[in-house]
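Engineer: Structure: input06.cif, mmCIF, C-alpha atoms.
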data_structure
loop_
_atom_site.label_atom_id
_atom_site.label_comp_id
_atom_site.auth_asym_id
_atom_site.auth_seq_id
_atom_site.Cartn_x
_atom_site.Cartn_y
_atom_site.Cartn_z
CA MET A 952 0.00 0.00 0.00
CA LYS A 953 2.82 2.36 1.00
CA ARG A 954 4.62 1.57 -2.24
CA THR A 955 1.49 2.29 -4.27
CA LEU A 956 1.01 5.62 -2.53
CA LEU A 957 4.67 6.52 -3.04
CA ALA A 958 4.46 5.60 -6.73
CA LEU A 959 1.27 7.64 -7.10
CA PHE A 960 2.94 10.58 -5.35
CA LEU A 961 5.98 10.39 -7.65
CA VAL A 962 3.84 10.15 -10.77
CA THR A 963 1.79 13.16 -9.66
CA LEU A 964 4.92 15.13 -8.77
CA THR A 965 6.60 14.31 -12.07
CA GLY A 966 3.48 15.24 -14.00
CA SER A 967 3.24 18.47 -12.07
CA LEU A 968 6.87 19.38 -12.79
CA PHE A 969 6.51 18.64 -16.49
CA ALA A 970 3.32 20.69 -16.59
CA GLN A 971 5.41 23.78 -15.78
CA LYS A 972 7.03 23.70 -19.21
CA LYS A 973 4.71 25.28 -21.72
CA THR A 974 5.47 25.18 -25.42
CA THR A 975 4.16 26.22 -28.81
CA THR A 976 5.25 25.56 -32.37
CA SER A 977 3.34 28.55 -33.70
CA ALA A 978 4.95 31.55 -32.05
CA THR A 979 5.42 34.48 -34.41
CA VAL A 980 8.54 36.58 -34.91
CA ALA A 981 8.46 39.60 -37.20
CA PHE A 982 11.18 42.03 -38.03
CA ASP A 983 10.86 45.43 -39.61
CA ALA A 984 14.01 46.87 -41.21
CA THR A 985 12.16 49.32 -43.43
CA THR A 986 13.46 52.85 -43.95
CA ALA A 987 12.15 56.07 -45.46
CA ILE A 988 13.49 54.98 -48.86
CA ASP A 989 12.65 51.26 -48.80
CA ALA A 990 9.47 49.68 -47.47
CA LEU A 991 10.34 46.10 -48.47
CA PRO A 992 12.79 44.70 -45.89
CA LYS A 993 10.31 43.26 -43.41
CA ALA A 994 9.17 39.70 -42.85
CA GLU A 995 7.33 37.39 -40.50
CA ASN A 996 7.77 33.77 -39.37
CA LYS A 997 4.66 32.08 -37.94
CA THR A 998 6.10 28.65 -37.15
CA VAL A 999 8.55 29.51 -34.38
CA VAL A 1000 9.09 26.98 -31.57
CA ALA A 1001 8.99 28.50 -28.09
CA ALA A 1002 9.10 27.16 -24.55
CA LEU A 1003 8.50 28.77 -21.17
CA ASP A 1004 9.07 27.06 -17.84
CA THR A 1005 6.75 28.83 -15.42
CA ARG A 1006 8.61 27.33 -12.44
CA THR A 1007 12.13 28.48 -13.34
CA GLY A 1008 11.39 31.28 -15.83
CA ALA A 1009 13.52 29.59 -18.50
CA LEU A 1010 12.54 30.89 -21.92
CA ALA A 1011 13.62 29.68 -25.37
CA PHE A 1012 12.78 30.45 -28.99
CA GLU A 1013 13.89 28.76 -32.19
CA ALA A 1014 13.03 30.11 -35.67
CA THR A 1015 13.81 28.54 -39.03
CA VAL A 1016 15.44 31.36 -41.01
CA LYS A 1017 14.05 30.22 -44.36
CA ASN A 1018 10.49 30.36 -43.06
CA PHE A 1019 10.55 34.15 -42.79
CA THR A 1020 8.07 35.29 -45.41
CA PHE A 1021 8.64 38.47 -47.40
CA THR A 1022 6.27 40.00 -49.93
CA ASN A 1023 9.11 40.45 -52.41
CA PRO A 1024 10.98 37.42 -53.84
CA THR A 1025 14.22 39.29 -54.55
CA ILE A 1026 14.45 40.69 -51.01
CA GLN A 1027 13.76 37.21 -49.59
CA GLN A 1028 16.49 35.74 -51.78
CA HIS A 1029 18.97 38.43 -50.65
CA PHE A 1030 18.00 37.86 -46.99
CA ASN A 1031 18.81 34.14 -47.21
CA GLY A 1032 21.88 34.62 -49.39
CA ALA A 1033 25.49 34.01 -48.38
CA SER A 1034 26.28 37.67 -47.76
CA TRP A 1035 23.27 38.18 -45.44
CA MET A 1036 21.88 35.36 -43.27
CA ASP A 1037 23.55 32.53 -45.15
CA SER A 1038 20.60 30.40 -44.10
CA ASP A 1039 21.88 27.20 -45.71
CA LYS A 1040 24.75 27.26 -43.19
CA ASN A 1041 22.86 28.92 -40.33
CA PRO A 1042 19.32 27.54 -40.53
CA THR A 1043 17.97 28.91 -37.22
CA PHE A 1044 17.80 32.01 -35.05
CA THR A 1045 17.70 31.05 -31.39
CA PHE A 1046 17.14 32.74 -28.06
CA LYS A 1047 17.88 31.04 -24.77
CA GLY A 1048 17.35 32.90 -21.54
CA LYS A 1049 15.04 33.49 -18.62
CA LEU A 1050 12.57 35.90 -17.12
CA THR A 1051 14.47 37.99 -14.59
CA ASN A 1052 11.48 39.10 -12.52
CA LEU A 1053 9.75 35.75 -12.18
CA SER A 1054 8.54 36.51 -8.64
CA ALA A 1055 6.44 39.39 -9.99
CA ILE A 1056 4.42 37.04 -12.20
CA ASP A 1057 1.66 34.88 -10.72
CA PHE A 1058 0.95 32.18 -13.30
CA SER A 1059 -2.00 30.97 -11.23
CA LYS A 1060 -3.79 34.32 -11.34
CA ASN A 1061 -5.32 36.04 -14.35
CA GLY A 1062 -3.58 39.26 -15.24
CA THR A 1063 -1.18 41.18 -17.44
CA TYR A 1064 2.32 41.27 -16.06
CA THR A 1065 5.27 43.40 -17.10
CA ALA A 1066 8.34 41.20 -17.40
CA GLN A 1067 11.95 41.34 -18.44
CA ALA A 1068 13.85 38.62 -20.25
CA GLU A 1069 17.58 38.27 -20.61
CA GLY A 1070 19.56 35.71 -22.51
CA THR A 1071 21.57 34.92 -25.59
CA LEU A 1072 20.33 35.67 -29.08
CA LYS A 1073 22.10 33.72 -31.80
CA VAL A 1074 21.87 35.08 -35.34
CA LYS A 1075 24.12 33.94 -38.18
CA ASP A 1076 26.21 31.94 -35.71
CA VAL A 1077 26.98 35.09 -33.66
CA GLU A 1078 25.84 35.11 -30.03
CA GLN A 1079 24.96 38.33 -28.20
CA LYS A 1080 23.55 38.86 -24.72
CA ILE A 1081 20.33 40.85 -24.82
CA THR A 1082 17.84 42.13 -22.26
CA VAL A 1083 14.34 42.85 -23.52
CA PRO A 1084 11.00 43.96 -22.08
CA ALA A 1085 8.12 41.48 -22.26
CA THR A 1086 4.45 41.28 -21.40
CA ILE A 1087 3.01 38.09 -19.95
CA VAL A 1088 -0.74 37.56 -20.01
CA VAL A 1089 -2.30 34.84 -17.87
CA SER A 1090 -5.91 34.00 -18.70
CA ASP A 1091 -7.64 30.96 -17.18
CA GLY A 1092 -4.45 28.91 -17.21
CA ALA A 1093 -3.40 29.99 -20.71
CA VAL A 1094 -0.13 31.93 -20.86
CA SER A 1095 0.94 34.23 -23.65
CA ALA A 1096 4.06 36.33 -24.00
CA SER A 1097 4.95 39.22 -26.25
CA SER A 1098 7.91 41.49 -26.72
CA GLU A 1099 9.11 44.28 -28.96
CA PHE A 1100 12.74 45.33 -29.11
CA SER A 1101 15.45 46.27 -31.56
CA ILE A 1102 18.88 44.85 -32.31
CA LYS A 1103 21.94 46.34 -33.95
CA LEU A 1104 22.72 44.40 -37.13
CA ALA A 1105 26.40 45.29 -36.79
CA ASP A 1106 26.48 43.37 -33.47
CA PHE A 1107 25.80 40.21 -35.49
CA ASN A 1108 28.35 41.06 -38.21
CA ILE A 1109 25.58 41.93 -40.64
CA THR A 1110 26.81 44.77 -42.81
CA GLY A 1111 26.57 45.82 -46.43
CA ALA A 1112 25.86 48.51 -48.99
CA ALA A 1113 22.08 48.30 -48.48
CA ILE A 1114 22.53 49.19 -44.80
CA ASN A 1115 25.08 51.91 -45.47
CA GLY A 1116 22.88 53.27 -48.26
CA GLY A 1117 19.87 53.58 -45.94
CA LYS A 1118 17.77 50.90 -47.64
CA VAL A 1119 17.86 48.56 -44.62
CA ALA A 1120 17.53 49.89 -41.07
CA LYS A 1121 20.65 49.52 -38.93
CA GLU A 1122 18.48 48.63 -35.95
CA PRO A 1123 15.40 46.69 -37.08
CA THR A 1124 12.43 46.25 -34.75
CA ILE A 1125 11.71 42.67 -33.68
CA THR A 1126 8.22 41.69 -32.54
CA VAL A 1127 7.63 38.36 -30.79
CA LYS A 1128 4.31 36.75 -29.78
CA ALA A 1129 3.75 33.32 -28.29
CA ASP A 1130 0.58 31.64 -27.05
CA PHE A 1131 1.82 28.77 -24.87
CA LYS A 1132 -0.17 25.62 -24.15
CA MET B 749 27.04 62.25 -83.93
CA THR B 750 29.13 60.63 -81.16
CA LYS B 751 27.50 62.93 -78.58
CA ARG B 752 24.06 61.88 -79.75
CA ILE B 753 25.00 58.18 -79.44
CA ILE B 754 26.33 58.76 -75.92
CA TRP B 755 23.21 60.67 -74.82
CA THR B 756 20.91 58.08 -76.39
CA SER B 757 22.81 55.29 -74.61
CA ILE B 758 22.55 57.13 -71.28
CA VAL B 759 18.81 57.65 -71.69
CA VAL B 760 18.30 53.98 -72.65
CA LEU B 761 20.36 52.83 -69.65
CA VAL B 762 18.46 55.11 -67.26
CA ILE B 763 15.09 53.88 -68.57
CA ALA B 764 16.25 50.22 -68.37
CA GLY B 765 17.58 50.76 -64.85
CA ALA B 766 14.36 52.40 -63.72
CA GLY B 767 12.40 49.54 -65.28
CA ILE B 768 14.47 46.89 -63.48
CA TYR B 769 14.20 48.84 -60.19
CA TRP B 770 10.43 49.14 -60.60
CA TYR B 771 10.09 45.44 -61.48
CA VAL B 772 12.17 44.24 -58.52
CA HIS B 773 10.36 46.49 -56.05
CA THR B 774 6.84 45.67 -57.18
CA GLU B 775 7.41 41.96 -57.78
CA THR B 776 5.43 39.61 -55.53
CA PHE B 777 5.33 35.85 -55.09
CA ALA B 778 3.10 33.91 -57.45
CA ASP B 779 0.11 32.21 -55.84
CA THR B 780 1.34 28.77 -54.70
CA LYS B 781 -1.86 27.24 -56.07
CA ASP B 782 -0.71 28.23 -59.56
CA ARG B 783 2.83 26.89 -59.16
CA LYS B 784 3.90 23.48 -60.34
CA ALA B 785 5.00 21.13 -57.57
CA ALA B 786 8.47 19.61 -57.86
CA PHE B 787 7.53 16.72 -55.53
CA THR B 788 4.43 14.99 -54.19
CA VAL B 789 5.04 13.09 -50.97
CA ASN B 790 3.37 11.17 -48.17
CA ALA B 791 3.76 12.99 -44.83
CA HIS B 792 5.15 10.06 -42.84
CA ASP B 793 7.67 9.02 -45.52
CA PHE B 794 8.69 12.65 -45.96
CA ILE B 795 9.37 13.11 -42.23
CA ARG B 796 11.33 9.84 -42.11
CA GLU B 797 13.56 11.09 -44.94
CA PHE B 798 14.55 14.07 -42.79
CA ILE B 799 15.11 11.87 -39.73
CA GLU B 800 17.28 9.39 -41.62
CA ASN B 801 19.37 11.90 -43.57
CA GLY B 802 18.56 15.54 -42.93
CA GLU B 803 21.33 16.86 -45.16
CA ALA B 804 20.16 14.90 -48.19
CA ALA B 805 16.49 15.71 -47.53
CA ASN B 806 17.25 19.42 -47.20
CA ALA B 807 19.26 19.38 -50.42
CA ARG B 808 16.35 17.70 -52.18
CA TYR B 809 13.34 19.62 -50.88
CA THR B 810 14.36 23.01 -49.47
CA ASP B 811 13.10 25.97 -51.54
CA GLN B 812 10.97 23.61 -53.63
CA ILE B 813 7.20 23.57 -54.07
CA VAL B 814 6.04 20.30 -52.50
CA VAL B 815 2.61 18.67 -52.22
CA VAL B 816 2.24 16.74 -48.95
CA ASN B 817 -0.53 14.19 -48.44
CA GLY B 818 -1.37 13.23 -44.88
CA ARG B 819 -3.63 13.35 -41.87
CA VAL B 820 -3.85 16.40 -39.59
CA SER B 821 -2.50 15.72 -36.10
CA GLU B 822 -2.96 19.23 -34.74
CA THR B 823 -4.06 22.74 -35.63
CA GLU B 824 -2.48 25.67 -33.84
CA MET B 825 -3.29 29.37 -33.77
CA ALA B 826 -0.38 31.60 -34.75
CA ASP B 827 -1.42 35.07 -33.54
CA THR B 828 -4.45 35.74 -35.79
CA THR B 829 -3.63 33.00 -38.31
CA MET B 830 -3.58 29.22 -38.11
CA ASN B 831 -0.99 26.53 -38.80
CA ILE B 832 -1.62 22.88 -39.63
CA ILE B 833 0.59 20.10 -38.28
CA MET B 834 1.13 16.56 -39.57
CA ASP B 835 3.25 14.38 -37.31
CA GLU B 836 4.98 11.01 -37.42
CA PRO B 837 3.71 9.43 -34.18
CA ASN B 838 6.65 7.08 -33.55
CA SER B 839 9.21 9.88 -33.46
CA GLY B 840 7.07 12.90 -32.62
CA SER B 841 8.72 14.70 -35.54
CA PHE B 842 6.38 16.87 -37.59
CA ILE B 843 5.67 19.10 -40.56
CA ILE B 844 4.14 22.52 -39.90
CA PHE B 845 2.37 24.51 -42.60
CA ALA B 846 1.84 28.28 -42.53
CA PHE B 847 -0.74 29.45 -45.04
CA GLN B 848 -1.03 32.19 -47.64
CA GLN B 849 -3.31 34.94 -46.37
CA GLN B 850 -5.97 34.33 -49.02
CA TYR B 851 -6.33 30.65 -48.02
CA LEU B 852 -6.52 31.14 -44.27
CA ALA B 853 -10.30 31.02 -44.07
CA GLU B 854 -10.22 27.67 -45.88
CA ALA B 855 -7.43 26.38 -43.61
CA LYS B 856 -9.43 27.32 -40.51
CA THR B 857 -12.13 24.79 -41.50
CA VAL B 858 -9.62 21.95 -41.07
CA LYS B 859 -9.99 19.66 -38.04
CA VAL B 860 -7.68 17.14 -36.41
CA GLY B 861 -7.99 13.81 -38.21
CA ASP B 862 -8.90 15.29 -41.60
CA SER B 863 -6.99 14.03 -44.63
CA LEU B 864 -5.36 16.80 -46.60
CA SER B 865 -3.25 17.47 -49.61
CA ILE B 866 -1.26 20.67 -48.96
CA LYS B 867 0.95 22.46 -51.46
CA GLY B 868 3.56 24.83 -50.08
CA SER B 869 7.07 26.17 -50.23
CA CYS B 870 9.37 23.92 -48.20
CA SER B 871 11.73 25.89 -45.94
CA GLY B 872 13.68 22.79 -44.93
CA GLY B 873 13.97 20.71 -41.80
CA ILE B 874 15.87 21.26 -38.56
CA PHE B 875 16.35 19.26 -35.39
CA SER B 876 14.60 21.30 -32.72
CA GLU B 877 16.80 21.58 -29.63
CA ILE B 878 13.76 22.73 -27.65
CA LEU B 879 11.44 19.85 -28.58
CA GLU B 880 14.17 17.29 -29.43
CA VAL B 881 12.40 16.20 -32.60
CA HIS B 882 12.73 16.99 -36.29
CA LYS B 883 10.59 19.85 -37.58
CA ILE B 884 9.97 20.68 -41.22
CA ASP B 885 8.61 24.13 -42.08
CA PHE B 886 6.39 25.17 -44.95
CA LYS B 887 5.35 28.70 -45.89
CA ARG B 888 2.77 30.16 -48.32
CA SER B 889 0.79 26.92 -48.23
CA THR B 890 -2.53 26.23 -49.94
CA LEU B 891 -5.05 23.42 -49.62
CA GLU B 892 -5.13 21.18 -52.66
CA SER B 893 -7.77 18.84 -51.30
CA HIS B 894 -9.53 18.34 -47.99
CA TYR B 895 -11.43 15.30 -46.85
CA ALA B 896 -13.08 15.65 -43.46
CA ASN B 897 -12.66 12.90 -40.91
CA THR B 898 -16.14 11.52 -41.58
CA ASN B 899 -17.02 10.39 -45.11
CA LYS B 900 -20.40 12.12 -44.87
CA ASN B 901 -18.93 15.56 -44.50
CA VAL B 902 -16.49 16.59 -47.18
CA HIS B 903 -16.19 20.34 -46.97
CA THR B 904 -13.46 21.50 -49.30
CA GLN B 905 -12.73 19.95 -52.62
CA ASN B 906 -10.11 21.55 -54.80
CA ASN B 907 -8.52 19.36 -57.45
CA GLN B 908 -10.51 16.55 -55.90
CA GLN B 909 -10.56 13.27 -57.76
#
Could I get this file's structure written as structure tokens?

Structural biologist:
Amino acid sequence: MKRTLLALFLVTLTGSLFAQKKTTTSATVAFDATTAIDALPKAENKTVVAALDTRTGALAFEATVKNFTFTNPTIQQHFNGASWMDSDKNPTFTFKGKLTNLSAIDFSKNGTYTAQAEGTLKVKDVEQKITVPATIVVSDGAVSASSEFSIKLADFNITGAAINGGKVAKEPTITVKADFK
Amino acid sequence: MTKRIIWTSIVVLVIAGAGIYWYVHTETFADTKDRKAAFTVNAHDFIREFIENGEAANARYTDQIVVVNGRVSETEMADTTMNIIMDEPNSGSFIIFAFQQQYLAEAKTVKVGDSLSIKGSCSGGIFSEILEVHKIDFKRSTLESHYANTNKNVHTQNNQQ
């Protein structure tokens, strides 16, 4: 009997721990590098993998570079080309980090919480530490996260005539949304 | 005479340059529905190809228009749009399809268990470090045919036999 109860306790505990990790395969990441003279360099990826551990605050995103969708075929081709993202060699953008103010977020209570995430963003095989603002919304057990921030392309060794010529913003805006389940 | 040739050449070059610039900047992707597929595959076999040899599968399918036949294992909202997932149950690896804006309403009628034929642009496969399974992405997808889970209720029939 004791063994059965212990086993039941362990199964419940394990299930409970695993339940803290929420994931989605349909997070969205958009970037906007448009300028006054070029409205084309912007794209969105709607099949981004994301995970949030509500117990530890660990947060991770993983986006397939080639699944960023542009309206213009030439711009998309340039974006994936060897001199830009070189997506054949570097097929993903990743972020691995954590929420730094986890204690301020009550995942058991409905509400909109202001959060901060810090971690490592990897673009084109270059890793940079970033700290970004985020909003966490808890609604009847469902958790969603969103963030808007900018990065400096030069920090990731992304340079070129289009940037110098003002056709691509030096600091594009990145918008992230994830509805975890 | 030489001056006239030079000026004419300059004008022709400027007009050609402006034309190329205009073309490049107003060009958009063709509707996937109108594009010819390079491959037609079964979802489970397709996923297994990526599991067994990702490099070869990526070389073969990435940036190609591919028709995938299979059963829907999951639908997932992506902000205001919806993605469709077909998985390989033994491995947990999966294909995820993002749709062209004009076909979203049609995609939203799809339910888990439905049999579909989806045509899309394959963005290649990766091994997800987060989920520890293979994931194959598609963008600008369209529904080629849609058979609902029950034989009595077939709700979308494009290119249906």

Engineer: Pick out the closest residue to chain B from this set: A:Asp1037, A:Gly1008, A:Thr1045, A:Val1119. Count only C-alpha atoms.

Structural biologist: A:Thr1045

Engineer: Kindly determine which residues of chain A lie within 8 Å of chain B, considering all atoms listed in the file, and give the answer as a ChimeraX atom specification.

Structural biologist: /A:976-979,991,997-998,1000-1002,1011-1013,1015,1017-1018,1020,1022-1025,1042,1128-1130

Engineer: Quote the spacing between CA of Thr1110 in chain A and CA of Glu995 in chain A in Å to one decimal place.

Structural biologist: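 CA of Glu995 in chain A lies 21.0 Å from CA of Thr1110 in chain A.
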
Engineer: Quick check, in Å to one decimal: how far apart do CA of Ile1125 in chain A and CA of Ile1081 in chain A lie?

Structural biologist: 12.5 Å

Engineer: Kindly resolve the PyMOL selection byres ((chain B and resi 791-802) around 7) on the present coordinates and return the residues as a ChimeraX atom specification.

Structural biologist: /B:789-790,803-806,816-818,834,836,841-842,873,882

Engineer: For a cutoff of 7 Å around the file-coordinate point (18.4, 43.7, -33.0), which residues qualify once you count all atoms listed in the file? I'd like the result as an MDAnalysis selection string.

Structural biologist: chainID A and resid 1101:1104 1122:1125

Engineer: Using the chain letters and numbers from the file, which residues does the PyMOL selection byres ((chain A and resi 1093) around 10) grab, as a ChimeraX atom specification?

Structural biologist: /A:973,1058-1059,1061,1088-1092,1094-1095,1130-1132

Engineer: Can you pull out every residue within 8 Å of Pro992 in chain A, counting all atoms listed in the file, but drop anything in the same chain fewer than 5 positions away, and send it as a short mmCIF file (atom, residue, chain, number, x, y, z; two decimals) with C-alpha atoms, in the frame of the given file?

Structural biologist:
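What landed in part.cif:
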data_model
loop_
_atom_site.label_atom_id
_atom_site.label_comp_id
_atom_site.auth_asym_id
_atom_site.auth_seq_id
_atom_site.Cartn_x
_atom_site.Cartn_y
_atom_site.Cartn_z
CA ASP A 983 10.86 45.43 -39.61
CA ALA A 984 14.01 46.87 -41.21
CA THR A 985 12.16 49.32 -43.43
CA PHE A 1021 8.64 38.47 -47.40
CA ILE A 1026 14.45 40.69 -51.01
CA VAL A 1119 17.86 48.56 -44.62
#

Engineer: Between CA of Lys1049 in chain A and CA of Val881 in chain B, what is the distance in Å, rounded to a tenth?

Structural biologist: 22.4 Å

Engineer: Applying the PyMOL selection byres ((chain A and resi 1072-1076) around 9) to the file I just gave you, which residues come out? Please list them as an NGL selection string.

Structural biologist: :A and (1035-1038 or 1040-1048 or 1070-1071 or 1077-1081 or 1107-1109)

Engineer: For Ser893 in chain B, which residue out of B:Ala766, B:Arg819, B:Glu880, B:Asn838 is the nearest one, using only C-alpha atoms?

Structural biologist: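 Comparing B:Ala766, B:Arg819, B:Glu880, B:Asn838 against Ser893 in chain B, the winner is B:Arg819.
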
Engineer: Taking (8.0, 44.0, -22.1) in the file's own coordinates, collect the residues within 12 Å, counting only C-alpha atoms, and hand them back as a PyMOL selection string.

Structural biologist: chain A and resi 1050-1052+1063-1069+1082-1088+1096-1100+1126-1128
